[in-house]
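Report on the structure given below.
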Amino acid sequence: MRKHRQARGLSQEKLAELADLHRTYIADIERGTRNVGVINIVRLAQALNLSPARLLKELVPPEEWKAGVVPP
């Protein structure tokens, strides 16, 4: 998610504002210390002009794809 945010020239604070979330929530997601709910994935995807599926695939570590959490 960080690469998409930075590519769009957005600060964590601005992305949080666009997605109607708190800045610390964005920081936690980028550090991988926060589980993200479906509604917030949709909010973040919309704020980043991405599909929720693309953002979800990037938020879930590749080792979990093999475990069947996210289809490849």
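Ligands are numbered from 1 in the order shown, residues from 1 within each chain, and chains are lettered A, B, ... in the order they appear in the structure tokens.
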
Mind the document's chain letters and residue numbers, and return as JSON, numbers by chain the residues of chain A that DSSP labels helix (DSSP H, G or I). {"A": [2, 3, 4, 5, 6, 7, 12, 13, 14, 15, 16, 17, 18, 19, 23, 24, 25, 26, 27, 28, 29, 30, 31, 38, 39, 40, 41, 42, 43, 44, 45, 46, 47, 52, 53, 54, 55, 56, 57, 58, 59, 62, 63, 64, 65, 66]}

Which residues are close to Met1 (chain A), i.e. within 12 Å by only C-alpha atoms, leaving aside same-chain residues fewer than 3 positions away? Reply as a count of residues only. 32

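Going from CA of Arg43 (chain A) to CA of Gly9 (chain A) covers 17.8 Å.
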
Between CA of Tyr25 (chain A) and CA of Asn40 (chain A), what is the distance, to one decimal in Å?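 Between these atoms lies a distance of 10.1 Å.
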